[in-house]
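Asker: Just passing along the structure, written as structure tokens.
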Amino acid sequence: MAKILIVDDEEGIRMLYSMELEDEGYQVIALADGRELLEVVEREQPDCLVLDIKMKEYSGLDLLQQIRKKHYDLPVILNSAYSSFKVDLKAVAADYYVVKSSDLTELKEKLKAALETKIPTE
Amino acid sequence: MKSVEENPHNITQAEIVVGIPSYNEAECIAFPTEQADKGLSKYFKERSCVIINCDNNSPDDTRHVFMQTPTSNPKIYISTPPDVQGKGNNLRNLFAKAVELSASAVVVVDADLASVTPQWVRNLGEPLLEEFDYVAPLYVRHKYEGTIATNIAYPLTRALYGRRVRQPIGGDFGFSGKMARIFNEAADWTDDVGQFGIDIWMTTVAMRSHAPIIQSFMGKPKVQMPKGPAADLGPTFAQVVGTIFDLMCAYEEFWKGVKWSRPTAVLGFGLGEMEIPPTVEVNVQGLWEKFSMGVEARWDLYRSFMPPATFDKLQEVAGLPREAFEFPPVLWAKVLYDFACAYKKRAAPRENLIEGLVPLYHGRTLSFVVETEPMNTQQVEELIEDQCLQFEKCKPYLLERWAAH
């Protein structure tokens, strides 16, 4: 069972995503901010990270830069209500960029694709 | 291989090395040397640094100009033997010297760069002191510049090795001491790698070695002598493509296991200094003529190794009138994959195969130029990403054809 880590400061989003993705068979961990993100990634070893961009105290793009220093092989999906961040250079480090919607079809598709990506470790 | 070394300060250890490969660059080399010196003094002043000109025994006084350029950091001149030329051979000397100096970070900038700034040295060097082993450049480029990278090197390396490095043959790079040792000891060195195949070789070896890679945004456009995509390709095309195909043969067990691709982080230094790159004019009629006349003379070659469906589609494309010409990216991906398989099988002499690919490259470039004419940079980048996705989706075609050979 693939483990998905969601970071979003909106409780409603965390609940919706957790419910829908658990229904799809994923194990979901949800964080309300990026404070302990690096530690949680180290500890939980998620298979994919779904990261909000515009949060109260943290920028998802900056968190992504931090993540990439150590976890360059962790699939990351940027998930924002705004499409404008897509042109930010920092967003290139994400596997996918999905604009938030109450219909999670695209997010689920991208999750599936991100988890399918395979690069041999040796 | 090193044949000549001038090391007036008797430098035996350096944490940071800036390497400047050259051949007959007496007119240009002082500028990147000065910029490298400023970059080292400004951003790495607490560390031991050296600037190395790795030369091909240039007869034009490059050595003298380099050594006489005033710098606050020490300089070393090294050269290949008189009968050995090529950027790759220069860098091979640099790899060995970097290992000898126990360098932590090596930055390479071209000797004819008119746009290099001290920040470039930081951008390519700083990530190597953190977690990264290989730094590829990300320049602001005109949409018609670097079409070998856009239409061949980027989509192929991405689909093959699963890493998205937008400018894998950018020419300026950073690599760690660990990576220098890997390069220095790599067994798959060829004549093409010794020439301009070196850039794609380094990027591919870094990918194959699972090195942590980052792309560094350079801010300023890379300004050398701009050439349009219809200009004479010279030996560069054959050396780059030959190296890609050679590496496909060497690393087949690795790339066969790669599915889709992963992004590579971008370090966005100095976004404020972003400049508009110089316009590249394209001789569209020249591309058309090189494509149509080139394929006309080579149908027998293409027929000898392409499956009928791909060959028929190619003939259909060649039959399109100039004003409605289009070379679809899916067909381009299959054509490149077929050429790679033919190269592996030696379906024809390898130099003939690569020469036979040139008109098709001109055709795909023409199609790209026409399609992107009304587009801005962002739109063109999205189109390139879509082309890369087509290469990834066509990979089962490559796997099937490769296994059949």
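By order of appearance in the structure tokens: chains A, B, ..., then residues from 1 within every chain, and ligands from 1 in the order shown.
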Using DSSP assignments from the backbone, pull out every residue in range 18-153 of chain B that falls under alpha helix (DSSP H) and give it to me as a VMD selection string.
Answerer: chain B and resid 30 to 43 62 to 68 87 to 100 118 to 125 147 to 148
Asker: Sorted by chain and rising residue number, list the residues of chain A at most 8 Å from chain B (counting only C-alpha atoms), each with its closest atom pair and distance in Å to one decimal, as CSV.
Answerer:
residue,atom,partner,partner_atom,distance
A:Gln65,CA,B:Ala265,CA,7.2
A:Arg68,CA,B:Ala265,CA,6.5
A:Lys69,CA,B:Glu131,CA,6.0
A:Lys70,CA,B:Glu131,CA,7.0
A:Tyr72,CA,B:Pro212,CA,7.0
A:Asp73,CA,B:Arg262,CA,7.4
A:Pro75,CA,B:Arg262,CA,7.6
A:Val87,CA,B:Gln378,CA,7.9
A:Leu89,CA,B:Val266,CA,6.5
A:Lys90,CA,B:Val266,CA,5.9
A:Val92,CA,B:Ala265,CA,6.4
A:Ala93,CA,B:Ala265,CA,4.0
A:Ala94,CA,B:Pro263,CA,6.2
A:Asp95,CA,B:Pro263,CA,5.6
A:Glu116,CA,B:Lys259,CA,7.4
A:Thr117,CA,B:Trp260,CA,5.1
A:Lys118,CA,B:Lys259,CA,4.8
A:Ile119,CA,B:Val258,CA,4.6
A:Pro120,CA,B:Gly257,CA,6.0
A:Thr121,CA,B:His210,CA,7.6
A:Glu122,CA,B:Phe254,CA,7.7
Asker: Just to be explicit: take each residue in the selection above, keep C-alpha atoms, and write the result as a PDB file, in the first residue's frame.
Answerer:
ATOM      1  CA  GLN A  65      13.727  23.134  -2.342  1.00  0.00           C
ATOM      2  CA  ARG A  68      15.116  18.137  -2.916  1.00  0.00           C
ATOM      3  CA  LYS A  69      18.438  18.618  -1.147  1.00  0.00           C
ATOM      4  CA  LYS A  70      18.094  15.216   0.456  1.00  0.00           C
ATOM      5  CA  TYR A  72      15.667  14.043  -4.885  1.00  0.00           C
ATOM      6  CA  ASP A  73      13.919  10.771  -5.705  1.00  0.00           C
ATOM      7  CA  PRO A  75       7.788  12.087  -6.062  1.00  0.00           C
ATOM      8  CA  VAL A  87       5.790  29.401 -13.946  1.00  0.00           C
ATOM      9  CA  LEU A  89      11.352  28.072 -11.513  1.00  0.00           C
ATOM     10  CA  LYS A  90      11.183  26.339  -8.162  1.00  0.00           C
ATOM     11  CA  VAL A  92      10.224  22.612 -11.908  1.00  0.00           C
ATOM     12  CA  ALA A  93      11.461  20.425  -9.057  1.00  0.00           C
ATOM     13  CA  ALA A  94       7.983  18.917  -8.653  1.00  0.00           C
ATOM     14  CA  ASP A  95       6.857  15.882 -10.600  1.00  0.00           C
ATOM     15  CA  GLU A 116       4.579   4.326 -11.601  1.00  0.00           C
ATOM     16  CA  THR A 117       7.814   6.168 -12.368  1.00  0.00           C
ATOM     17  CA  LYS A 118      10.713   3.799 -12.027  1.00  0.00           C
ATOM     18  CA  ILE A 119      14.454   4.394 -12.048  1.00  0.00           C
ATOM     19  CA  PRO A 120      16.587   1.385 -11.101  1.00  0.00           C
ATOM     20  CA  THR A 121      18.497   1.892  -7.883  1.00  0.00           C
ATOM     21  CA  GLU A 122      21.401  -0.161  -9.217  1.00  0.00           C
TER      22      GLU A 122
END
Asker: Given only C-alpha atoms as the basis, pick out the residue of A:Ile53, A:Ala91, A:Ala32, A:Leu38 nearest to His71 in chain A.
Answerer: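 Checking each candidate against His71 in chain A, we get A:Leu38 as the closest.
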Asker: CA of Asp300 in chain B and CA of Glu326 in chain B are how many Å apart?
Answerer: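 The value is 22.2 Å.
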Asker: For the atom pair CA of Val99 in chain A and CA of Gln167 in chain B, what is the interatomic distance in Å to one decimal place?
Answerer: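 Result for CA of Val99 in chain A versus CA of Gln167 in chain B: 27.4 Å, one decimal.
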Asker: Can you pull out every residue within 10 Å of Asp112 in chain B, counting only C-alpha atoms, but drop anything in the same chain fewer than 4 positions away, and send it as a ChimeraX atom specification?
Answerer: /B:20-32,116,223-225
Asker: Selected residues, C-alpha atoms, written as a CSV table (one decimal), in the first residue's frame, please.
Answerer:
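What landed in selection-v2.csv:
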chain,number,residue,atom,x,y,z
B,20,ILE,CA,38.6,26.6,-18.6
B,21,PRO,CA,39.0,24.3,-21.6
B,22,SER,CA,40.4,25.9,-24.7
B,23,TYR,CA,41.9,25.7,-28.1
B,24,ASN,CA,43.1,28.8,-29.8
B,25,GLU,CA,41.3,31.2,-27.5
B,26,ALA,CA,44.0,33.8,-27.1
B,27,GLU,CA,41.6,36.5,-28.0
B,28,CYS,CA,38.9,35.4,-25.5
B,29,ILE,CA,40.3,33.6,-22.6
B,30,ALA,CA,41.3,36.6,-20.5
B,31,PHE,CA,37.7,37.5,-19.9
B,32,PRO,CA,36.4,34.2,-18.4
B,116,VAL,CA,30.1,34.7,-17.9
B,223,VAL,CA,26.5,34.5,-25.3
B,224,GLN,CA,28.9,32.8,-27.7
B,225,MET,CA,28.8,33.1,-31.5
Asker: Closest to Lys290 in chain B among B:Arg364, B:Arg166, B:Arg181, B:Arg47, using only C-alpha atoms?
Answerer: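 Among B:Arg364, B:Arg166, B:Arg181, B:Arg47, it is B:Arg364 that comes nearest to Lys290 in chain B.
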Asker: Need to verify the contact set: Asn123 in chain B, 12 Å, only C-alpha atoms, exclusion of same-chain residues closer than 6 positions in sequence. Can you return it as an MDAnalysis selection string?
Answerer: chainID B and resid 36 39:40 43:44 105:109 116:117 129 134:139 172:175 214:220 266:271
Asker: I need the residues of chain A that end up classed as strand (DSSP E) by DSSP on the backbone, written out as a ChimeraX atom specification.
Answerer: /A:3-7,27-31,48-52,76-80,96-99
Asker: Take CA of Phe325 in chain B and CA of Leu301 in chain B and report the distance between them in Å, one decimal.
Answerer: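 Between these atoms lies a distance of 22.5 Å.
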Asker: For Ser80 in chain A, find every residue with an atom within 10 Å (counting only C-alpha atoms), except residues of its own chain fewer than 3 positions away, and show them as a list in words.
Answerer: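 Using only C-alpha atoms, the neighbours found are Asp8, Val50, Leu51, Asp52, Ile53, Lys54, Met55, Gly60, Ile77, Ser83, Ser84, Phe85, Lys86, Tyr97, Val98, Val99, Lys100 and Ser101 of chain A.
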